[in-house]
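Peer 1: Below is a structure I'd like to ask you about.
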Amino acid sequence: MDIPYTTKARPDTGLFNAKLGIWLFLASEVMLFGALFSSYILLRVGADPGAWPQGLLNIPIGTFNTAVLITSSVTVVLGWSALQMNNFKAYRKFQAVTILCALGFLGIKSFEYSDKFTHYEIWFKDGHRQTGHVYHNGKKVWFWNNKSLEGSPAVTDAKGNVKEAAVPAVAEFEFHPDARHYAAAAPAELAAAPVEHAAAETGHGAAAHPAITVKSSDIRRLSAFVPSHSTYFAIYFTLTALHGLHVLGGALVIAFLWGPGAKMWKTDPERYTNRVEISGLFWHFVDLVWIFLFPILYLL
Amino acid sequence: MEATTHAKHGHDTHAETHHHEPGFMQKYIFSTDHKTIGIQYGVTALLFLFFGFSLMAMMRWSIAYPGKALPVVGSILHALLGDAVSAVNNPDTHQLIGYAMSPDLYNSFGAMHGTIMVFLAIVPLAFAAFGNYVVPLQIGAIDMAFPRVNMASFHCYFLGGVVMFASFFIPGGAAKSGWTSYSPLATVADMGHRFNGQTFWIIGMVLLITSSLLGAVNFIATIIQLRAPGMTWMRLPFFVWAQFVTAFILLLAFPPLEAAGVMQLMDNLFGTSFFLPSGLMMGGTTPLHVSGGGSPLLWQHLFWFLGHPEVYVLILPAMGIVAEIIANNTRKPLYGYKSLVYSVLAIGFISFIVWAHHMYLTGMGTKISTFFQTTTMIISIPSVIILTCLFISLWGGSIRFNTPMLFALAFLPMFGIGGLTGLPLGFNFADLHLHDTYYVIAHFHYVVAPGTIFGLFAGVYFWYPKITGRFMSERLGKIHFWLSLIFMNAIFQPMFLQGMSGMIRRMYDGGAGYSLAKNPDTISALSEKIMALNIPISHAAWALGLSQIPFIFNFFWSIRHGRKVESDNPWQSSTLEWQTPTPPPHGNFDKPIEVFGMPYAYSVPGASSDFTPQNEPGDSPRR
Amino acid sequence: MEQTVKNLLGLPELASVHGRDVDQLIIYVHYLMVVLFVGWTAYFFYCLYRFRKGRNPKADHHGVTGHASNYLEVAIAIVEVILLLGFAVPLWAKVVDAFPTEKDNPVNVRVIAQQFNWTARYPGKNGKFGKQDIGLVTPANPYGLHQLDPELKKLDLDGADDVLGGSLEMAIPVNRPVIAGISSMDVIHSFKVLAMRVTQDAIPGMRIPIHFQATATNTYQINCAQLCGNGHAGMKGVLKVLTQEEFDAWIKDKEAKAAAGPVEF
Ligand code: HEA
Ligand code: HEA
Ligand code: CUA
Ligand SMILES: [Cu+2]
């Protein structure tokens, strides 16, 4: 007594179970990302002027990553159709490309992340703001040890003997400001210049401006471009990380089918092809999400 | 793909049950059989139902006797939770009398009572337990479409329950911000502890949501794909339709809450400000060090986008159960089967566009509020239709008053009261006065407690014989019914009065602080009359708990000692779940199933018996 | 008649103009509910009696064939539409849109909620509120008032004569429209005065204006209707509805206090 329609489609619905299952699952995924997209819109509309640091992301890299993902989408289809034409070798080749693309995408994304983790904004007490890179005894400061700039009081246990010595606040440090603050209106020549140029100016040629020394006492707030910097980066990291997890998950499944899972090709080629098709459907969805993410996070 | 697990089983179900005894783990923990999973869900959910009740029983003490030491449990709580309970000393002698519930503990219990009842008790019981056990049987399937996904769903649920339960014992205690977890309170309430109750709440919710999603996908796929030959859509029992719509609601309404949960988790752990506006001042003295720029209303929209559809998840399965039992015990078809089906579909759709009626008083303009009032009124119509159909189904029947039927019948007026009192809340201008008062509490408890819970009790009594092969005791059942009916109403009826006269929700002292006694010189404080009601309500609540003893006893006792069923179809029902051996073996049916007619072929004129099973050609045409 | 119904429903004492309509609507809806409830319950028990097995051993396969029920459902729908378009919508519009204008000479007040009390701010003689700025928020200046900043103070002329009612106390004149801007400093609270039939969530980051008009001088209680922490059950304030003279005196007294020294929160 096997469960019916696990591989053969049910005549009146034209679907086999798993295919219907994945479509339903994707429907719920649409709601998940839909909710986050709506949140993005609501937060952006509600943001106070100058509090929405758009344009700090590296558009060329983002574009390239988009291309990478689209390529993988194509190879997934090619791989699947190869299977249907009983050409297992070709399938292996194509899916190999897919998996490499997935890894490439994640690699590039993590590079983008780390770039943001060393990129700071300073709110000065006198109201003006600057973005740039913070150096402390000659090294780039990562967001997680920027605490050392603010300093911290000594930590003592109940008996009053010191557990952690007090870290004196750094009186002043080296700062490599970007040419232009994101909130500032683009100067004429910049506005005219191609987009990636503007992007470079707003963050990615640290040499754009001579280094300055900043007094800690002048600072009201200092934050790297991490989720807690602003609602923009909060939603940026949430969306991209969630999407990244989907990429990873999809890649793992595809890799499993590509490697150990491939045994089934011998025993039950039809079901194997179905599985590949389903992983492909999921992969297309993951790409689709990115197709939406890229413009709203990078361009608009 | 899951079918691979079954491939190894023999094809003849009987042979299978004989010469292949799966081990304990295989059979009870890692079972992929929809019936076992249904039972796992059922028992776990019933335990959580009881847990949710116990929390509330303690809350009711604090409401009735604020600040007074909790008898017995007080010291137990102190032993378990430490300082969370506040010590009560004798005013003169200053020696310890006992322990009372602190406001914080009350808030924890309140939030967890709501969470547990909704997400860990009623949904798993109504949707997962009954759905798992009954749906495949009723559509003539051998199992769910994805048995292993089904098992995973239960494991996620169980894990979620464990996380929720554990959160009581971590520093700071369980979540304190209501089951609605409104930000900013949810973020700042327990800032002292990094991994606080709220964090656990979110993680638990994510697990529960995952569980529900897996379940929903499985149910929909099963109902679409695995219907037996001849089981056309319009031949599905109404219960299956209810479960079908419920599954869709879960599938599409839960993800937004998952997204919201992730965002709130970021707010709590990583200092983001999704739901935190700029310039927050905690305790009026310390500015909160966050970027700000977030929106508290965003959380409410995301929560209620789930929250409202969720309430229909709580009611639809119960409606389905009630419909089955009424048809069976009136010995006649349901009135207006088609309108029932269309109504339940309508509810499913519209339930997604009414959520903001929980937010009328967040400064909503005329346009938006008009939209949501209208949709709210529209969605009340299909409910009216369903209830009307069920009422009219009684006409011309030959009503058997057995325990399941009693609960099913009681469901109608109880849900009626709950539903009708939803109307004044639906008009924002009336809600202006009733919002966040006990009127709301009474409204939805009438729908979920004497409503849904009665429906579920009915289901337990009704399908018990199929599951165990024995009846539950009728006498104990009737005792259980009458006591429950009386006390349910004794609890919730007075709350309408309290709410109407302005008693607010979520007050650990049941309003003593706002009472006339404490504020003699202010108008519109709560009168003695209203305050006095707290005590009888609490006693009724505890009595309601005791009234469950006959049920619990009956439930376990009947497994061994109940009256044996004399046939596989003891209620002489025409639906398919009774066409299996008792209890149904792995694979359910011992003969191939084909369906020939409508689900409720009772008292068909000219038929030999007063019921004609769906899978029998029958001796007279029936649609 | 109406009063008895109110007592039956348990509606509390009423002391505001628009409150009458609130009660009206509540009462009408409950008429509908009672009719349905009584009607159906009667029918219900009749069925249980008439069609019990003992009395009607053989069920009728066809049962009801007429369409009475559809008419009933349509009727319910119609009544709901009437209540909706006839009452709820227009009345709500009146409450949230039709704000009193200058010629009604309304009293302006800002109500600030915080864990766990209420504070009221008055614009003073010039009727204008001073400037606020999130950037200025500090323990000393929780509302971020320009007035409490040595530099900005000079520029902020409107705020010079602002008045802070001490916490927990708020006063308004009787029979005069009141415009209250409800906001919160920390979590979400809800400003509820039963007798005024007023409820408005106080949401941080928003200032939501409401308006009402008291009809009787007395001391009313301000409740907090939204769970806001462990002090929620005790977060009450006092709303004094005074005659115009008393009100002016009250303001003067507050001004004196303010002049005496920095406002205490
Ligand atoms: C199963 C759960 C359930 C169901 C079915 C409903 C059904 C309805 N609910 Fe309710 N509701 C809740 C659960 C539910 N609700 C919960 C949990 C809350 C509070 C959440 C919180 O804040 O914590 C809530 C809160 C709530 C509010 C917000 C109140 C506030 O916070 O201010 C509103 C406002 O519009 C509302 C409206 C309605 C309406 C119009 C219906 C309609 O669908 C009702 C339609 C039904 C009818 C109209 C009855 C028809 C019956 C007859 C005509 C026959 C009568 C016969 C006899 C009586 C014998 N509900
Ligand atoms: C499905 C949802 C559900 C259910 C069933 C219940 C059931 C009950 N609830 Fe609950 N309640 C909520 C959902 C629910 N509640 C929610 C969402 C809130 C709002 C929380 C918030 O403010 O955030 C709330 C709040 C709430 C309050 C208000 C608290 C406050 O605002 O301060 C009160 C007060 O009396 C209350 C009481 C009760 C009572 C007396 C029951 C009774 O009906 C309980 C009946 C149950 C039993 C008697 C247990 C039976 C047990 C068994 C049968 C076990 C058998 C076991 C085996 C056989 C193994 N509830
Ligand atoms: Cu403030 Cu409740
Ligand atoms: Cu609702």
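Following the order of the structure tokens, chains are lettered A, B, ..., residues in each are numbered from 1, and ligands are numbered from 1.
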With only C-alpha atoms as the counted atoms, please give the residues lying no more than 8 Å from stretch 102-119 of chain A, apart from itself and same-chain residues fewer than 5 positions off, as an MDAnalysis selection string.

Peer 2: chainID A and resid 58 61 65 68:69 72 131:134 140:143 224:226 244 247:248 251

Peer 1: Pick out the residues no farther than 7 Å from ligand 2, counting only C-alpha atoms and all ligand atoms, and list them as a VMD selection string.

Peer 2: chain B and resid 43 46 to 47 49 to 50 53 56 60 110 to 111 113 to 115 117 to 118 122 178 to 180 314 441 445 448 to 450 453 488 491 505 to 508 541 544 to 545 548 551 to 552 555

Peer 1: Around ligand 4, out to 9 Å and counting only C-alpha atoms and all ligand atoms, which residues are there? I want them as a list in words.

Peer 2: Trp304, Gly307, His308, Pro309, Glu310, Val311, Tyr312, Ser351, Val354, Trp355, Ala356, His357, His358, Thr376, Gly422 and Gly426 of chain B

Peer 1: Residues up to 9 Å from ligand 3, counting only C-alpha atoms and all ligand atoms: could you list those as a PyMOL selection string?

Peer 2: (chain B and resi 506-507) or (chain C and resi 113-118+187-191+202+223-236)

Peer 1: Env of B:Leu406: 12 Å cut, atoms = only C-alpha atoms, seq-sep filter 2 positions within chain, self excluded. Answer as a CSV table (one decimal) with N, CA, C and O atoms, in the first residue's frame.

Peer 2:
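This is the output file selection.csv:
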```
chain,number,residue,atom,x,y,z
B,322,VAL,N,-18.4,19.9,14.8
B,322,VAL,CA,-19.8,20.0,15.2
B,322,VAL,C,-20.8,19.6,14.1
B,322,VAL,O,-21.7,18.9,14.3
B,325,ILE,N,-21.0,15.9,13.8
B,325,ILE,CA,-21.8,15.2,14.9
B,325,ILE,C,-23.2,15.5,14.8
B,325,ILE,O,-24.1,14.6,15.0
B,326,ILE,N,-23.6,16.7,14.4
B,326,ILE,CA,-25.0,17.1,14.3
B,326,ILE,C,-25.6,16.3,13.2
B,326,ILE,O,-26.7,15.6,13.3
B,329,ASN,N,-26.1,12.7,14.5
B,329,ASN,CA,-27.1,12.5,15.5
B,329,ASN,C,-28.5,13.1,15.3
B,329,ASN,O,-29.4,12.9,16.1
B,330,THR,N,-28.6,13.8,14.2
B,330,THR,CA,-30.0,14.1,13.8
B,330,THR,C,-30.5,13.1,12.8
B,330,THR,O,-31.6,13.2,12.4
B,399,ILE,N,-33.3,13.5,16.9
B,399,ILE,CA,-32.1,13.9,17.6
B,399,ILE,C,-31.8,12.9,18.7
B,399,ILE,O,-32.6,12.6,19.6
B,400,ARG,N,-30.5,12.3,18.7
B,400,ARG,CA,-30.0,11.5,19.8
B,400,ARG,C,-29.2,12.3,20.7
B,400,ARG,O,-28.2,12.9,20.2
B,401,PHE,N,-29.5,12.3,22.0
B,401,PHE,CA,-28.8,13.2,22.9
B,401,PHE,C,-27.7,12.4,23.6
B,401,PHE,O,-27.7,12.2,24.8
B,402,ASN,N,-26.6,12.0,22.8
B,402,ASN,CA,-25.5,11.4,23.5
B,402,ASN,C,-24.5,12.5,23.8
B,402,ASN,O,-24.6,13.6,23.3
B,403,THR,N,-23.4,12.1,24.6
B,403,THR,CA,-22.5,13.2,25.0
B,403,THR,C,-21.9,14.0,23.9
B,403,THR,O,-22.0,15.2,24.0
B,404,PRO,N,-21.4,13.4,22.8
B,404,PRO,CA,-20.9,14.2,21.8
B,404,PRO,C,-21.9,15.2,21.3
B,404,PRO,O,-21.6,16.4,21.1
B,408,ALA,N,-21.9,19.2,21.0
B,408,ALA,CA,-22.0,19.9,19.7
B,408,ALA,C,-23.2,20.9,19.8
B,408,ALA,O,-23.0,22.0,19.3
B,409,LEU,N,-24.3,20.5,20.4
B,409,LEU,CA,-25.4,21.4,20.4
B,409,LEU,C,-25.1,22.6,21.2
B,409,LEU,O,-25.4,23.7,20.8
B,410,ALA,N,-24.4,22.4,22.4
B,410,ALA,CA,-24.1,23.6,23.2
B,410,ALA,C,-23.2,24.5,22.5
B,410,ALA,O,-23.2,25.7,22.7
B,411,PHE,N,-22.4,24.0,21.6
B,411,PHE,CA,-21.5,24.8,20.8
B,411,PHE,C,-22.2,26.0,20.1
B,411,PHE,O,-21.8,27.1,20.1
B,412,LEU,N,-23.4,25.6,19.6
B,412,LEU,CA,-24.1,26.6,18.8
B,412,LEU,C,-24.4,27.9,19.5
B,412,LEU,O,-24.0,29.0,19.1
B,413,PRO,N,-25.2,27.9,20.6
B,413,PRO,CA,-25.5,29.1,21.2
B,413,PRO,C,-24.3,29.8,21.9
B,413,PRO,O,-24.1,31.0,21.8
B,454,PHE,N,-15.7,23.1,23.6
B,454,PHE,CA,-16.8,22.2,23.5
B,454,PHE,C,-16.8,21.4,22.2
B,454,PHE,O,-17.0,20.2,22.2
B,455,GLY,N,-16.5,22.1,21.1
B,455,GLY,CA,-16.5,21.4,19.9
B,455,GLY,C,-15.4,20.2,19.9
B,455,GLY,O,-15.7,19.1,19.5
B,457,PHE,N,-14.2,18.8,22.7
B,457,PHE,CA,-14.7,17.7,23.6
B,457,PHE,C,-15.6,16.8,22.8
B,457,PHE,O,-15.5,15.6,22.8
B,458,ALA,N,-16.6,17.4,22.1
B,458,ALA,CA,-17.5,16.6,21.3
B,458,ALA,C,-16.7,15.7,20.4
B,458,ALA,O,-17.0,14.5,20.3
B,459,GLY,N,-15.7,16.2,19.7
B,459,GLY,CA,-14.9,15.4,18.8
B,459,GLY,C,-14.2,14.2,19.6
B,459,GLY,O,-14.2,13.1,19.1
B,461,TYR,N,-15.2,12.7,22.4
B,461,TYR,CA,-16.2,11.7,22.7
B,461,TYR,C,-16.7,10.9,21.5
B,461,TYR,O,-17.0,9.7,21.5
B,462,PHE,N,-16.7,11.6,20.3
B,462,PHE,CA,-17.3,11.1,19.1
B,462,PHE,C,-16.3,10.1,18.5
B,462,PHE,O,-16.7,8.9,18.1
B,474,GLU,N,-20.9,7.2,29.2
B,474,GLU,CA,-21.9,8.3,28.9
B,474,GLU,C,-22.2,9.0,30.2
B,474,GLU,O,-22.4,10.3,30.2
B,477,GLY,N,-19.6,11.4,31.0
B,477,GLY,CA,-19.6,12.4,30.0
B,477,GLY,C,-20.7,13.4,30.2
B,477,GLY,O,-20.4,14.6,30.1
B,478,LYS,N,-21.9,13.0,30.6
B,478,LYS,CA,-23.0,13.9,30.8
B,478,LYS,C,-22.7,14.8,32.0
B,478,LYS,O,-22.9,16.0,32.0
B,479,ILE,N,-22.1,14.2,33.1
B,479,ILE,CA,-21.7,15.0,34.2
B,479,ILE,C,-20.7,16.1,33.8
B,479,ILE,O,-20.9,17.3,34.0
B,480,HIS,N,-19.7,15.6,33.0
B,480,HIS,CA,-18.7,16.6,32.5
B,480,HIS,C,-19.3,17.7,31.7
B,480,HIS,O,-19.1,18.9,31.9
B,481,PHE,N,-20.3,17.3,30.9
B,481,PHE,CA,-21.0,18.3,30.0
B,481,PHE,C,-21.7,19.4,30.9
B,481,PHE,O,-21.4,20.6,30.8
B,482,TRP,N,-22.6,18.9,31.7
B,482,TRP,CA,-23.4,19.9,32.4
B,482,TRP,C,-22.6,20.8,33.3
B,482,TRP,O,-22.8,22.0,33.3
B,484,SER,N,-19.4,21.6,33.0
B,484,SER,CA,-18.6,22.5,32.1
B,484,SER,C,-19.5,23.6,31.6
B,484,SER,O,-19.2,24.8,31.7
B,485,LEU,N,-20.7,23.3,31.1
B,485,LEU,CA,-21.6,24.3,30.6
B,485,LEU,C,-22.0,25.3,31.6
B,485,LEU,O,-21.8,26.6,31.4
C,48,LEU,N,-35.1,21.0,19.8
C,48,LEU,CA,-34.6,19.9,20.7
C,48,LEU,C,-35.8,19.2,21.3
C,48,LEU,O,-35.8,17.9,21.4
```

Peer 1: Please identify all residues of chain B having at least one atom at most 6 Å from any atom of chain A, considering only C-alpha atoms, and return them as a PDB file with N, CA, C and O atoms, in the first residue's frame.

Peer 2:
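Result file follows (part18.pdb):
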```pdb
ATOM      1  N   ALA B   3       7.099   8.173   0.471  1.00  0.00           N
ATOM      2  CA  ALA B   3       6.546   6.826   0.339  1.00  0.00           C
ATOM      3  C   ALA B   3       7.634   5.776   0.422  1.00  0.00           C
ATOM      4  O   ALA B   3       7.380   4.633   0.742  1.00  0.00           O
ATOM      5  N   HIS B  11       2.205  -5.283   1.334  1.00  0.00           N
ATOM      6  CA  HIS B  11       1.110  -4.573   0.683  1.00  0.00           C
ATOM      7  C   HIS B  11      -0.219  -4.879   1.328  1.00  0.00           C
ATOM      8  O   HIS B  11      -1.064  -4.016   1.469  1.00  0.00           O
ATOM      9  N   VAL B 217       1.011  22.511   4.607  1.00  0.00           N
ATOM     10  CA  VAL B 217       1.373  21.986   3.284  1.00  0.00           C
ATOM     11  C   VAL B 217       0.869  20.549   3.147  1.00  0.00           C
ATOM     12  O   VAL B 217       0.206  20.179   2.174  1.00  0.00           O
ATOM     13  N   LEU B 251      -1.093  28.499   6.278  1.00  0.00           N
ATOM     14  CA  LEU B 251       0.002  28.558   5.306  1.00  0.00           C
ATOM     15  C   LEU B 251       0.357  30.000   4.963  1.00  0.00           C
ATOM     16  O   LEU B 251       1.522  30.356   4.844  1.00  0.00           O
ATOM     17  N   LEU B 252      -0.673  30.847   4.827  1.00  0.00           N
ATOM     18  CA  LEU B 252      -0.426  32.194   4.313  1.00  0.00           C
ATOM     19  C   LEU B 252      -0.371  33.253   5.405  1.00  0.00           C
ATOM     20  O   LEU B 252       0.194  34.327   5.209  1.00  0.00           O
ATOM     21  N   PRO B 255       3.537  33.090   7.991  1.00  0.00           N
ATOM     22  CA  PRO B 255       4.852  33.643   7.629  1.00  0.00           C
ATOM     23  C   PRO B 255       5.063  35.095   8.020  1.00  0.00           C
ATOM     24  O   PRO B 255       6.130  35.427   8.547  1.00  0.00           O
ATOM     25  N   PRO B 256       4.071  35.984   7.830  1.00  0.00           N
ATOM     26  CA  PRO B 256       4.327  37.361   8.258  1.00  0.00           C
ATOM     27  C   PRO B 256       4.674  37.464   9.739  1.00  0.00           C
ATOM     28  O   PRO B 256       5.547  38.248  10.119  1.00  0.00           O
ATOM     29  N   ALA B 259       8.236  36.604  10.051  1.00  0.00           N
ATOM     30  CA  ALA B 259       9.071  37.756   9.700  1.00  0.00           C
ATOM     31  C   ALA B 259       9.116  38.734  10.870  1.00  0.00           C
ATOM     32  O   ALA B 259      10.193  39.162  11.303  1.00  0.00           O
ATOM     33  N   GLY B 271      20.166  45.081  18.861  1.00  0.00           N
ATOM     34  CA  GLY B 271      20.052  46.531  18.990  1.00  0.00           C
ATOM     35  C   GLY B 271      19.483  47.237  17.782  1.00  0.00           C
ATOM     36  O   GLY B 271      19.692  48.424  17.600  1.00  0.00           O
ATOM     37  N   THR B 272      18.746  46.521  16.929  1.00  0.00           N
ATOM     38  CA  THR B 272      18.080  47.225  15.830  1.00  0.00           C
ATOM     39  C   THR B 272      16.846  47.953  16.364  1.00  0.00           C
ATOM     40  O   THR B 272      16.491  47.829  17.534  1.00  0.00           O
ATOM     41  N   SER B 291      19.146  53.326  17.528  1.00  0.00           N
ATOM     42  CA  SER B 291      19.109  54.278  16.421  1.00  0.00           C
ATOM     43  C   SER B 291      17.725  54.888  16.273  1.00  0.00           C
ATOM     44  O   SER B 291      17.570  56.011  15.827  1.00  0.00           O
ATOM     45  N   GLY B 293      13.787  55.297  14.803  1.00  0.00           N
ATOM     46  CA  GLY B 293      13.297  55.354  13.435  1.00  0.00           C
ATOM     47  C   GLY B 293      12.356  54.218  13.089  1.00  0.00           C
ATOM     48  O   GLY B 293      11.868  54.136  11.967  1.00  0.00           O
TER      49      GLY B 293
END
```

Peer 1: From a DSSP pass on the backbone, collect the residues of stretch 170-379 of chain B flagged as strand (DSSP E) and hand them back as number ranges by chain.

Peer 2: B: 281-282, 286-287

Peer 1: Enter the distance from atom CA of B:Leu334 to atom CA of B:Ile392, in Å, rounded to one decimal.

Peer 2: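 Those two atoms sit 8.4 Å apart.
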
Peer 1: Which chain B residues are at most 6 Å from chain C (counting only C-alpha atoms), as number ranges by chain?

Peer 2: B: 103-104, 184-185, 277, 279-283, 285-286, 331-332, 361-362, 366, 395-400, 420, 427, 429-430, 432-433, 497, 500-501, 504, 507, 513, 522-524, 603-604

Peer 1: Hey, can you check how far atom CA of B:Thr32 sits from atom CA of B:Ala242?

Peer 2: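 Distance between the two atoms: 23.6 Å.
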
Peer 1: What is the distance between atom CA of B:Ala221 and atom CA of B:Ile385, in Å to one decimal?

Peer 2: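 According to the coordinates, atom CA of B:Ala221 and atom CA of B:Ile385 are separated by 28.0 Å.
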
Peer 1: Using only C-alpha atoms, which protein or nucleic acid residues come within 9 Å of A:Ala96? Drop anything in the same chain fewer than 6 positions from it, and give the result as a VMD selection string.

Peer 2: chain A and resid 75 255 258

Peer 1: Go ahead and write the residues just picked, all heavy atoms, as a PDB file, in the first residue's frame.

Peer 2:
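And here's part_8.pdb as it stands now:
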```
ATOM      1  N   THR A  75      21.457  27.393 -15.554  1.00  0.00           N
ATOM      2  CA  THR A  75      22.092  26.064 -15.525  1.00  0.00           C
ATOM      3  C   THR A  75      21.184  25.053 -14.848  1.00  0.00           C
ATOM      4  O   THR A  75      21.151  23.883 -15.233  1.00  0.00           O
ATOM      5  CB  THR A  75      23.439  26.131 -14.787  1.00  0.00           C
ATOM      6  OG1 THR A  75      23.223  26.779 -13.529  1.00  0.00           O
ATOM      7  CG2 THR A  75      24.450  26.918 -15.597  1.00  0.00           C
ATOM      8  N   ALA A 255      23.414  20.199  -4.016  1.00  0.00           N
ATOM      9  CA  ALA A 255      24.687  19.480  -3.912  1.00  0.00           C
ATOM     10  C   ALA A 255      24.441  18.039  -3.468  1.00  0.00           C
ATOM     11  O   ALA A 255      25.045  17.102  -3.978  1.00  0.00           O
ATOM     12  CB  ALA A 255      25.593  20.189  -2.907  1.00  0.00           C
ATOM     13  N   TRP A 258      23.256  16.157  -6.284  1.00  0.00           N
ATOM     14  CA  TRP A 258      24.355  16.059  -7.262  1.00  0.00           C
ATOM     15  C   TRP A 258      25.318  14.934  -6.849  1.00  0.00           C
ATOM     16  O   TRP A 258      25.766  14.144  -7.658  1.00  0.00           O
ATOM     17  CB  TRP A 258      25.080  17.391  -7.304  1.00  0.00           C
ATOM     18  CG  TRP A 258      26.116  17.500  -8.376  1.00  0.00           C
ATOM     19  CD1 TRP A 258      25.907  17.826  -9.677  1.00  0.00           C
ATOM     20  CD2 TRP A 258      27.516  17.284  -8.244  1.00  0.00           C
ATOM     21  NE1 TRP A 258      27.088  17.836 -10.365  1.00  0.00           N
ATOM     22  CE2 TRP A 258      28.099  17.512  -9.500  1.00  0.00           C
ATOM     23  CE3 TRP A 258      28.351  16.933  -7.168  1.00  0.00           C
ATOM     24  CZ2 TRP A 258      29.464  17.408  -9.729  1.00  0.00           C
ATOM     25  CZ3 TRP A 258      29.717  16.827  -7.397  1.00  0.00           C
ATOM     26  CH2 TRP A 258      30.258  17.058  -8.673  1.00  0.00           C
TER      27      TRP A 258
END
```

Peer 1: Extract, using only C-alpha atoms, all DNA, RNA and protein residues at most 12 Å from A:Met264, discarding same-chain residues fewer than 4 positions from it, and format them as a count of residues only.

Peer 2: 17

Peer 1: Quick one: of B:Ala318, B:Ile220, B:Ala152, B:Leu516, who's nearest to ligand 1, counting only C-alpha atoms and all ligand atoms?

Peer 2: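 Smallest distance to ligand 1 is found for B:Ala318.
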
Peer 1: Measuring between only C-alpha atoms, which one of A:Glu277, A:Lys125, A:Val45, A:Asp287 shows the shortest distance to chain C?

Peer 2: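 Smallest separation from chain C among the options: A:Lys125.
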
Peer 1: When distances are computed from only C-alpha atoms and all ligand atoms, which of B:His289, B:Lys176, B:Lys466, B:His443 shows the smallest separation from ligand 1?

Peer 2: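 Using only C-alpha atoms and all ligand atoms, the shortest distance to ligand 1 belongs to B:His443.
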
Peer 1: Please provide the set of residues having any atom within 8 Å of A:Gly50, restricted to only C-alpha atoms, with same-chain residues fewer than 3 positions apart removed, written as a PDB file with all heavy atoms, in the first residue's frame.

Peer 2:
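Done, and the output landed in out31.pdb:
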```
ATOM      1  N   PRO A  53      20.275  55.725   4.885  1.00  0.00           N
ATOM      2  CA  PRO A  53      21.564  55.737   4.190  1.00  0.00           C
ATOM      3  C   PRO A  53      21.596  54.911   2.911  1.00  0.00           C
ATOM      4  O   PRO A  53      22.354  53.946   2.793  1.00  0.00           O
ATOM      5  CB  PRO A  53      22.530  55.175   5.232  1.00  0.00           C
ATOM      6  CG  PRO A  53      21.669  54.322   6.095  1.00  0.00           C
ATOM      7  CD  PRO A  53      20.324  54.968   6.124  1.00  0.00           C
ATOM      8  N   TYR A 182      26.078  60.408   2.716  1.00  0.00           N
ATOM      9  CA  TYR A 182      24.944  59.939   1.902  1.00  0.00           C
ATOM     10  C   TYR A 182      23.771  60.901   1.942  1.00  0.00           C
ATOM     11  O   TYR A 182      23.008  61.031   0.995  1.00  0.00           O
ATOM     12  CB  TYR A 182      24.500  58.538   2.338  1.00  0.00           C
ATOM     13  CG  TYR A 182      24.125  58.433   3.801  1.00  0.00           C
ATOM     14  CD1 TYR A 182      22.878  58.833   4.250  1.00  0.00           C
ATOM     15  CD2 TYR A 182      25.042  57.920   4.727  1.00  0.00           C
ATOM     16  CE1 TYR A 182      22.532  58.734   5.585  1.00  0.00           C
ATOM     17  CE2 TYR A 182      24.694  57.813   6.070  1.00  0.00           C
ATOM     18  CZ  TYR A 182      23.444  58.223   6.492  1.00  0.00           C
ATOM     19  OH  TYR A 182      23.114  58.126   7.811  1.00  0.00           O
ATOM     20  N   ALA A 183      23.629  61.611   3.083  1.00  0.00           N
ATOM     21  CA  ALA A 183      22.466  62.505   3.210  1.00  0.00           C
ATOM     22  C   ALA A 183      22.679  63.790   2.417  1.00  0.00           C
ATOM     23  O   ALA A 183      21.727  64.469   2.070  1.00  0.00           O
ATOM     24  CB  ALA A 183      22.223  62.832   4.678  1.00  0.00           C
TER      25      ALA A 183
END
```
